[in-house]
Structures are given as structure tokens and as C-alpha cells.
file target20.csv (CSV, C-alpha atoms)
chain,number,residue,atom,x,y,z
A,1,MET,CA,20.5,6.2,29.2
A,2,ASN,CA,18.0,5.0,26.6
A,3,THR,CA,15.4,2.3,27.0
A,4,GLN,CA,17.9,-0.3,26.1
A,5,GLY,CA,20.2,0.7,29.0
A,6,ARG,CA,22.9,2.3,26.8
A,7,ALA,CA,24.3,5.8,26.8
A,8,PRO,CA,22.9,7.8,23.8
A,9,ASP,CA,26.3,8.1,22.1
A,10,ALA,CA,27.5,4.6,22.8
A,11,PRO,CA,28.4,2.6,19.7
A,12,LEU,CA,26.0,-0.2,18.9
A,13,GLU,CA,27.2,-3.7,19.1
A,14,GLU,CA,23.9,-5.3,18.0
A,15,LEU,CA,20.4,-4.2,16.9
A,16,SER,CA,17.6,-4.5,19.4
A,17,PHE,CA,14.2,-3.0,20.0
A,18,THR,CA,11.5,-2.6,22.5
A,19,VAL,CA,7.8,-2.1,21.8
A,20,THR,CA,5.1,-1.4,24.5
A,21,GLY,CA,1.4,-1.2,24.8
A,22,HIS,CA,-1.3,-1.1,27.5
A,23,ILE,CA,-3.9,-3.8,27.7
A,24,SER,CA,-7.1,-3.2,29.7
A,25,LYS,CA,-6.9,-6.5,31.5
A,26,SER,CA,-5.0,-7.7,34.6
A,27,PRO,CA,-1.4,-8.9,34.4
A,28,HIS,CA,-2.6,-12.5,35.0
A,29,GLU,CA,-5.1,-12.3,32.1
A,30,THR,CA,-2.6,-10.7,29.8
A,31,PHE,CA,0.2,-13.1,30.7
A,32,GLU,CA,-2.2,-16.0,30.0
A,33,ALA,CA,-3.0,-14.6,26.6
A,34,VAL,CA,0.7,-15.2,25.7
A,35,ALA,CA,1.5,-18.3,27.8
A,36,ASP,CA,-1.6,-20.4,26.9
A,37,PRO,CA,-1.4,-21.9,23.4
A,38,GLU,CA,-5.1,-21.9,22.9
A,39,GLN,CA,-5.4,-18.2,23.5
A,40,LEU,CA,-2.3,-17.3,21.5
A,41,SER,CA,-3.7,-19.3,18.6
A,42,ARG,CA,-6.8,-17.1,18.6
A,43,TYR,CA,-5.1,-13.8,17.8
A,44,PHE,CA,-1.5,-14.4,16.9
A,45,THR,CA,-0.3,-17.8,15.8
A,46,THR,CA,-2.9,-18.2,13.0
A,47,GLY,CA,-1.6,-21.7,12.2
A,48,GLY,CA,-1.7,-22.7,15.9
A,49,ALA,CA,0.6,-22.8,18.9
A,50,ARG,CA,1.5,-26.1,20.5
A,51,GLY,CA,2.6,-26.2,24.1
A,52,ARG,CA,2.3,-23.9,27.1
A,53,LEU,CA,5.1,-21.4,27.6
A,54,GLU,CA,6.8,-22.9,30.7
A,55,ALA,CA,10.5,-22.5,31.5
A,56,GLY,CA,12.7,-25.3,30.1
A,57,THR,CA,10.2,-26.4,27.5
A,58,GLU,CA,10.2,-26.2,23.7
A,59,VAL,CA,6.9,-25.3,22.0
A,60,SER,CA,6.1,-24.6,18.4
A,61,TRP,CA,4.3,-21.8,16.6
A,62,ASP,CA,2.8,-21.8,13.1
A,63,PHE,CA,1.5,-18.9,11.1
A,64,ALA,CA,-1.0,-19.6,8.3
A,65,ASP,CA,0.1,-16.4,6.6
A,66,PHE,CA,3.8,-17.3,6.9
A,67,PRO,CA,3.7,-21.1,6.6
A,68,GLY,CA,6.1,-23.2,8.5
A,69,ARG,CA,5.9,-24.4,12.1
A,70,PHE,CA,9.0,-23.4,14.0
A,71,PRO,CA,10.3,-24.4,17.5
A,72,VAL,CA,10.4,-21.8,20.3
A,73,GLU,CA,12.6,-22.4,23.4
A,74,VAL,CA,11.1,-21.1,26.6
A,75,ALA,CA,14.1,-19.9,28.6
A,76,GLU,CA,12.4,-18.2,31.6
A,77,VAL,CA,9.0,-17.7,33.0
A,78,VAL,CA,7.9,-15.7,36.1
A,79,PRO,CA,4.1,-16.1,36.2
A,80,ASP,CA,2.2,-12.9,35.5
A,81,GLU,CA,5.4,-11.0,35.2
A,82,LYS,CA,7.9,-12.2,32.5
A,83,ILE,CA,8.4,-14.7,29.7
A,84,VAL,CA,11.8,-15.1,27.8
A,85,ILE,CA,11.8,-17.1,24.5
A,86,ARG,CA,14.5,-18.0,22.0
A,87,TRP,CA,14.6,-19.5,18.6
A,88,GLU,CA,17.3,-20.4,16.0
A,89,GLY,CA,19.0,-17.4,14.6
A,90,ASP,CA,20.5,-17.1,11.1
A,91,GLU,CA,23.6,-15.4,9.7
A,92,SER,CA,22.0,-12.0,10.5
A,93,ALA,CA,22.0,-12.8,14.3
A,94,THR,CA,24.8,-12.0,16.8
A,95,ALA,CA,24.1,-15.1,18.8
A,96,PRO,CA,23.0,-18.6,17.9
A,97,LYS,CA,19.5,-17.8,19.1
A,98,THR,CA,17.3,-14.7,18.9
A,99,GLU,CA,15.9,-13.7,22.3
A,100,THR,CA,12.6,-12.0,23.0
A,101,THR,CA,11.5,-10.9,26.5
A,102,PHE,CA,7.9,-10.1,27.4
A,103,THR,CA,7.2,-8.3,30.7
A,104,PHE,CA,3.8,-7.7,32.2
A,105,GLU,CA,3.6,-4.7,34.6
A,106,PRO,CA,0.4,-3.8,36.6
A,107,VAL,CA,-1.0,-0.4,35.9
A,108,ASP,CA,-4.0,1.4,37.5
A,109,GLY,CA,-4.1,-0.9,40.5
A,110,GLY,CA,-3.8,-4.0,38.3
A,111,SER,CA,-6.8,-3.3,36.2
A,112,ARG,CA,-4.5,-2.7,33.2
A,113,THR,CA,-1.2,-4.1,32.1
A,114,LEU,CA,1.8,-2.5,30.4
A,115,VAL,CA,3.3,-5.1,28.1
A,116,THR,CA,6.9,-4.6,27.0
A,117,ILE,CA,8.5,-6.8,24.3
A,118,THR,CA,12.2,-6.5,23.8
A,119,GLU,CA,14.2,-8.4,21.2
A,120,LYS,CA,17.9,-8.6,20.7
A,121,SER,CA,20.6,-10.4,18.8
A,122,TRP,CA,20.7,-8.7,15.4
A,123,LYS,CA,23.9,-7.9,13.5
A,124,LEU,CA,24.7,-4.3,12.4
A,125,THR,CA,24.2,-5.3,8.7
A,126,GLN,CA,21.4,-4.7,6.2
A,127,LYS,CA,20.2,-8.3,6.7
A,128,GLY,CA,20.3,-7.8,10.5
A,129,ALA,CA,18.3,-4.5,10.2
A,130,ASP,CA,15.8,-6.2,7.9
A,131,GLY,CA,15.3,-9.0,10.4
A,132,ALA,CA,15.1,-6.6,13.4
A,133,PHE,CA,12.7,-4.2,11.7
A,134,GLY,CA,10.5,-7.0,10.4
A,135,ASN,CA,10.3,-8.6,13.8
A,136,CYS,CA,9.6,-5.2,15.4
A,137,MET,CA,6.7,-4.8,13.0
A,138,GLY,CA,5.5,-8.4,13.9
A,139,TRP,CA,5.7,-7.8,17.7
A,140,THR,CA,3.9,-4.4,17.4
A,141,GLY,CA,1.2,-6.2,15.4
A,142,MET,CA,1.0,-8.9,18.0
A,143,LEU,CA,0.5,-6.3,20.8
A,144,ALA,CA,-2.3,-4.6,18.8
A,145,ALA,CA,-3.9,-8.0,18.0
A,146,MET,CA,-3.7,-9.0,21.7
A,147,LYS,CA,-5.4,-5.8,22.7
A,148,ALA,CA,-8.2,-6.1,20.2
A,149,TRP,CA,-8.7,-9.8,21.1
A,150,LEU,CA,-8.6,-9.4,24.9
A,151,GLU,CA,-10.6,-6.2,25.1
A,152,HIS,CA,-13.1,-6.7,22.2
A,153,GLY,CA,-12.9,-10.3,20.9
A,154,ILE,CA,-11.7,-9.1,17.5
A,155,ASN,CA,-9.0,-11.1,15.6
A,156,LEU,CA,-6.9,-8.3,13.8
A,157,ARG,CA,-4.5,-10.7,12.2
A,158,GLU,CA,-6.9,-12.7,10.2
A,159,GLY,CA,-6.4,-11.7,6.6
A,160,PHE,CA,-3.9,-8.9,7.5
A,161,TYR,CA,-0.8,-10.4,5.9
A,162,LYS,CA,-2.4,-12.2,3.0
call {"tool": "encode", "arguments": {"input": "target20.csv", "output": "C-alpha cells"}}
result
Amino acid sequence: MNTQGRAPDAPLEELSFTVTGHISKSPHETFEAVADPEQLSRYFTTGGARGRLEAGTEVSWDFADFPGRFPVEVAEVVPDEKIVIRWEGDESATAPKTETTFTFEPVDGGSRTLVTITEKSWKLTQKGADGAFGNCMGWTGMLAAMKAWLEHGINLREGFYK
């Protein structure tokens, strides 16, 4: 089985990806860096995040370097462990909404956190691949920016894309 839970030779039905990274903060501190709009706005949503990530709510994210506020549906939250978000898909998606799951796993007695971000719902087309690969780059950048912000107070995203 691979990291997506499929046999290595199984045919793909949709594109998905997983990125991971270790943050030298507790799962609670790391979870809050994603769930709290004030913190998220400091290192990721450069145009601002509105609304705390709580199950059943809709928040909005804006990126100054990719203008346009967009709604984010919060499907599931397990405090300090998991966040599942969704947003409107387009013709490159296999489902009406693209789904992204964040998990926060304690490491080294809880002094560090393994953050895993998995996204799915991309068609096996060039446009689907472009969307999946672009978002994979974005979430990898988000993890790096979160690490730099939480551990060193540095905003990596500022000026990175423009």
C-alpha cells in the first residue's frame, strides 16, 4: 500500500497528494496556527483570513499575491488533531468540492508535531494535474511558511509569489 491507501499497481481514479513536515511546537500550538485566523494571516493568507476553523462554519481566505477572497467550508475539526476543509471545485475536480485534510501528530513527547496535509478530488486530466500540482506546491509552501513563522517569527510568503 502507498501513503494514499492504494495498492501500488491499482489504477488511479483521481489525483490526490500528501505533504508532511515537522514543526518544533506542540500539536496545540501548531493546530492553532491553522485554526486561528489571526495567526494564519501572519504567514499564509497574506490578504487575511476571516473566521476561526470550526466544524460546520464557512470562513474566507484572501491572498494578496493571488487576489480574490474565497469561501472555505470547515467540514470537520478535532481540536489539536485534525481539520478538514472544502471549497468549490471546478471542471478539473472529481467532486463538487475539493477536500483538504490537516492532521497534527505529536512527536518527541509532544514537543514537536508532524503535520500531514492531504488533498483529493482532482480529475485524471491535464487541467486536473495542473490543479493538483499547483495546490501541492501551495500546501508545501504553507508548511514551510508555518515552520518559519512558528519557530523563528519569519514570514516566508511575503514577496515570494510577486
call {"tool": "atom_distance", "arguments": {"input": "target20.csv", "atom1": "atom CA of Thr20 of chain A", "atom2": "atom CA of Gly109 of chain A"}}
result
18.5 Å
call {"tool": "closest_residue", "arguments": {"input": "target20.csv", "among": "A:Ala145, A:Val77, A:Met137, A:Ala64", "to": "Ala33 of chain A", "atoms": "all atoms listed in the file"}}
result
A:Ala145
call {"tool": "atom_distance", "arguments": {"input": "target20.csv", "atom1": "atom CA of Leu143 of chain A", "atom2": "atom CA of Thr57 of chain A"}}
result
23.3 Å
call {"tool": "residues_around", "arguments": {"input": "target20.csv", "residues": "Ala132 of chain A", "least_positions_apart": "5", "cutoff": "9 Å", "atoms": "only C-alpha atoms", "output": "list in words"}}
result
Leu15, Ser16, Phe17, Glu119, Lys120, Ser121, Trp122, Lys123, Lys127 and Met137 of chain A
call {"tool": "write_last_selection", "arguments": {"input": "target20.csv", "atoms": "C-alpha atoms", "output": "PDB file, in the frame of the given file"}}
result
ATOM      1  CA  LEU A  15      20.400  -4.200  16.900  1.00  0.00           C
ATOM      2  CA  SER A  16      17.600  -4.500  19.400  1.00  0.00           C
ATOM      3  CA  PHE A  17      14.200  -3.000  20.000  1.00  0.00           C
ATOM      4  CA  GLU A 119      14.200  -8.400  21.200  1.00  0.00           C
ATOM      5  CA  LYS A 120      17.900  -8.600  20.700  1.00  0.00           C
ATOM      6  CA  SER A 121      20.600 -10.400  18.800  1.00  0.00           C
ATOM      7  CA  TRP A 122      20.700  -8.700  15.400  1.00  0.00           C
ATOM      8  CA  LYS A 123      23.900  -7.900  13.500  1.00  0.00           C
ATOM      9  CA  LYS A 127      20.200  -8.300   6.700  1.00  0.00           C
ATOM     10  CA  MET A 137       6.700  -4.800  13.000  1.00  0.00           C
TER      11      MET A 137
END
call {"tool": "residues_around", "arguments": {"input": "target20.csv", "residues": "segment 96-103 of chain A", "least_positions_apart": "6", "cutoff": "8 Å", "atoms": "all atoms listed in the file", "output": "list in words"}}
result
Glu81, Lys82, Ile83, Val84, Ile85, Arg86, Trp87, Glu88, Gly89, Asp90, Leu114, Val115, Thr116, Ile117, Thr118, Glu119, Lys120, Ser121 and Trp122 of chain A
call {"tool": "closest_residue", "arguments": {"input": "target20.csv", "among": "A:Ala93, A:Met142, A:Val72, A:Ala10", "to": "Ala129 of chain A", "atoms": "only C-alpha atoms"}}
result
A:Ala93
call {"tool": "closest_atom_pairs", "arguments": {"input": "target20.csv", "of": "segment 113-157 of chain A", "to": "segment 42-53 of chain A", "cutoff": "12 Å", "atoms": "all atoms listed in the file", "output": "Markdown table"}}
result
| residue | atom | partner | partner_atom | distance |
| --- | --- | --- | --- | --- |
| A:Gly138 | CA | A:Phe44 | CA | 9.7 |
| A:Trp139 | CA | A:Phe44 | CA | 9.8 |
| A:Thr140 | CA | A:Phe44 | CA | 11.4 |
| A:Gly141 | CA | A:Phe44 | CA | 8.8 |
| A:Met142 | CA | A:Phe44 | CA | 6.1 |
| A:Leu143 | CA | A:Phe44 | CA | 9.2 |
| A:Ala144 | CA | A:Tyr43 | CA | 9.7 |
| A:Ala145 | CA | A:Tyr43 | CA | 5.9 |
| A:Met146 | CA | A:Tyr43 | CA | 6.3 |
| A:Lys147 | CA | A:Tyr43 | CA | 9.4 |
| A:Ala148 | CA | A:Tyr43 | CA | 8.6 |
| A:Trp149 | CA | A:Tyr43 | CA | 6.3 |
| A:Leu150 | CA | A:Tyr43 | CA | 9.1 |
| A:Glu151 | CA | A:Tyr43 | CA | 11.9 |
| A:His152 | CA | A:Tyr43 | CA | 11.6 |
| A:Gly153 | CA | A:Tyr43 | CA | 9.1 |
| A:Ile154 | CA | A:Tyr43 | CA | 8.1 |
| A:Asn155 | CA | A:Tyr43 | CA | 5.2 |
| A:Leu156 | CA | A:Tyr43 | CA | 7.0 |
| A:Arg157 | CA | A:Tyr43 | CA | 6.4 |
call {"tool": "atom_distance", "arguments": {"input": "target20.csv", "atom1": "atom CA of Ser111 of chain A", "atom2": "atom CA of Ser24 of chain A"}}
result
6.5 Å
call {"tool": "residues_around", "arguments": {"input": "target20.csv", "residues": "Asp130 of chain A", "least_positions_apart": "5", "cutoff": "9 Å", "atoms": "all atoms listed in the file", "output": "PDB file with C-alpha atoms, in the coordinates of the input"}}
result
ATOM      1  CA  SER A  92      22.000 -12.000  10.500  1.00  0.00           C
ATOM      2  CA  THR A 125      24.200  -5.300   8.700  1.00  0.00           C
ATOM      3  CA  ASN A 135      10.300  -8.600  13.800  1.00  0.00           C
TER       4      ASN A 135
END
call {"tool": "residues_around", "arguments": {"input": "target20.csv", "residues": "Phe66 of chain A", "least_positions_apart": "3", "cutoff": "9 Å", "atoms": "only C-alpha atoms", "output": "list in words"}}
result
Gly47, Asp62, Phe63, Tyr161 and Lys162 of chain A
call {"tool": "closest_residue", "arguments": {"input": "target20.csv", "among": "A:His22, A:Ala35, A:Glu73, A:Leu40", "to": "Asp108 of chain A", "atoms": "all atoms listed in the file"}}
result
A:His22
call {"tool": "closest_residue", "arguments": {"input": "target20.csv", "among": "A:Asp80, A:Glu105, A:Glu54, A:Glu158", "to": "His28 of chain A", "atoms": "all atoms listed in the file"}}
result
A:Asp80
call {"tool": "build_atoms", "arguments": {"input": "target20.csv", "residues": "segment 51-66 of chain A", "atoms": "N, CA, C and O atoms", "output": "PDB file, keeping the file's coordinate frame"}}
result
ATOM      1  N   GLY A  51       1.867 -26.235  22.892  1.00  0.00           N
ATOM      2  CA  GLY A  51       2.600 -26.200  24.100  1.00  0.00           C
ATOM      3  C   GLY A  51       2.517 -24.926  24.880  1.00  0.00           C
ATOM      4  O   GLY A  51       2.548 -23.848  24.299  1.00  0.00           O
ATOM      5  N   ARG A  52       2.359 -25.056  26.180  1.00  0.00           N
ATOM      6  CA  ARG A  52       2.300 -23.900  27.100  1.00  0.00           C
ATOM      7  C   ARG A  52       3.694 -23.352  27.301  1.00  0.00           C
ATOM      8  O   ARG A  52       4.655 -24.109  27.415  1.00  0.00           O
ATOM      9  N   LEU A  53       3.816 -22.033  27.377  1.00  0.00           N
ATOM     10  CA  LEU A  53       5.100 -21.400  27.600  1.00  0.00           C
ATOM     11  C   LEU A  53       5.475 -21.591  29.102  1.00  0.00           C
ATOM     12  O   LEU A  53       4.989 -20.873  29.977  1.00  0.00           O
ATOM     13  N   GLU A  54       6.316 -22.593  29.354  1.00  0.00           N
ATOM     14  CA  GLU A  54       6.800 -22.900  30.700  1.00  0.00           C
ATOM     15  C   GLU A  54       8.332 -23.047  30.577  1.00  0.00           C
ATOM     16  O   GLU A  54       8.839 -23.655  29.624  1.00  0.00           O
ATOM     17  N   ALA A  55       9.054 -22.516  31.555  1.00  0.00           N
ATOM     18  CA  ALA A  55      10.500 -22.500  31.500  1.00  0.00           C
ATOM     19  C   ALA A  55      11.048 -23.929  31.278  1.00  0.00           C
ATOM     20  O   ALA A  55      10.569 -24.909  31.846  1.00  0.00           O
ATOM     21  N   GLY A  56      12.036 -24.005  30.377  1.00  0.00           N
ATOM     22  CA  GLY A  56      12.700 -25.300  30.100  1.00  0.00           C
ATOM     23  C   GLY A  56      11.999 -26.114  29.039  1.00  0.00           C
ATOM     24  O   GLY A  56      12.479 -27.196  28.714  1.00  0.00           O
ATOM     25  N   THR A  57      10.901 -25.637  28.487  1.00  0.00           N
ATOM     26  CA  THR A  57      10.200 -26.400  27.500  1.00  0.00           C
ATOM     27  C   THR A  57      10.484 -25.859  26.077  1.00  0.00           C
ATOM     28  O   THR A  57      11.009 -24.759  25.924  1.00  0.00           O
ATOM     29  N   GLU A  58      10.133 -26.655  25.072  1.00  0.00           N
ATOM     30  CA  GLU A  58      10.200 -26.200  23.700  1.00  0.00           C
ATOM     31  C   GLU A  58       8.750 -26.344  23.163  1.00  0.00           C
ATOM     32  O   GLU A  58       8.143 -27.400  23.284  1.00  0.00           O
ATOM     33  N   VAL A  59       8.224 -25.254  22.609  1.00  0.00           N
ATOM     34  CA  VAL A  59       6.900 -25.300  22.000  1.00  0.00           C
ATOM     35  C   VAL A  59       7.051 -25.003  20.529  1.00  0.00           C
ATOM     36  O   VAL A  59       8.163 -24.789  20.052  1.00  0.00           O
ATOM     37  N   SER A  60       5.955 -25.007  19.795  1.00  0.00           N
ATOM     38  CA  SER A  60       6.100 -24.600  18.400  1.00  0.00           C
ATOM     39  C   SER A  60       4.925 -23.695  18.010  1.00  0.00           C
ATOM     40  O   SER A  60       3.832 -23.768  18.569  1.00  0.00           O
ATOM     41  N   TRP A  61       5.257 -22.802  17.110  1.00  0.00           N
ATOM     42  CA  TRP A  61       4.300 -21.800  16.600  1.00  0.00           C
ATOM     43  C   TRP A  61       4.222 -21.964  15.085  1.00  0.00           C
ATOM     44  O   TRP A  61       5.221 -22.218  14.417  1.00  0.00           O
ATOM     45  N   ASP A  62       3.027 -21.764  14.544  1.00  0.00           N
ATOM     46  CA  ASP A  62       2.800 -21.800  13.100  1.00  0.00           C
ATOM     47  C   ASP A  62       1.947 -20.620  12.725  1.00  0.00           C
ATOM     48  O   ASP A  62       1.038 -20.256  13.471  1.00  0.00           O
ATOM     49  N   PHE A  63       2.250 -20.035  11.593  1.00  0.00           N
ATOM     50  CA  PHE A  63       1.500 -18.900  11.100  1.00  0.00           C
ATOM     51  C   PHE A  63       0.947 -19.241   9.728  1.00  0.00           C
ATOM     52  O   PHE A  63       1.722 -19.488   8.802  1.00  0.00           O
ATOM     53  N   ALA A  64      -0.364 -19.280   9.586  1.00  0.00           N
ATOM     54  CA  ALA A  64      -1.000 -19.600   8.300  1.00  0.00           C
ATOM     55  C   ALA A  64      -0.570 -18.686   7.202  1.00  0.00           C
ATOM     56  O   ALA A  64      -0.481 -19.073   6.044  1.00  0.00           O
ATOM     57  N   ASP A  65      -0.292 -17.427   7.560  1.00  0.00           N
ATOM     58  CA  ASP A  65       0.100 -16.400   6.600  1.00  0.00           C
ATOM     59  C   ASP A  65       1.598 -16.427   6.284  1.00  0.00           C
ATOM     60  O   ASP A  65       2.063 -15.794   5.359  1.00  0.00           O
ATOM     61  N   PHE A  66       2.388 -17.102   7.089  1.00  0.00           N
ATOM     62  CA  PHE A  66       3.800 -17.300   6.900  1.00  0.00           C
ATOM     63  C   PHE A  66       4.087 -18.775   7.190  1.00  0.00           C
ATOM     64  O   PHE A  66       4.580 -19.104   8.263  1.00  0.00           O
TER      65      PHE A  66
END
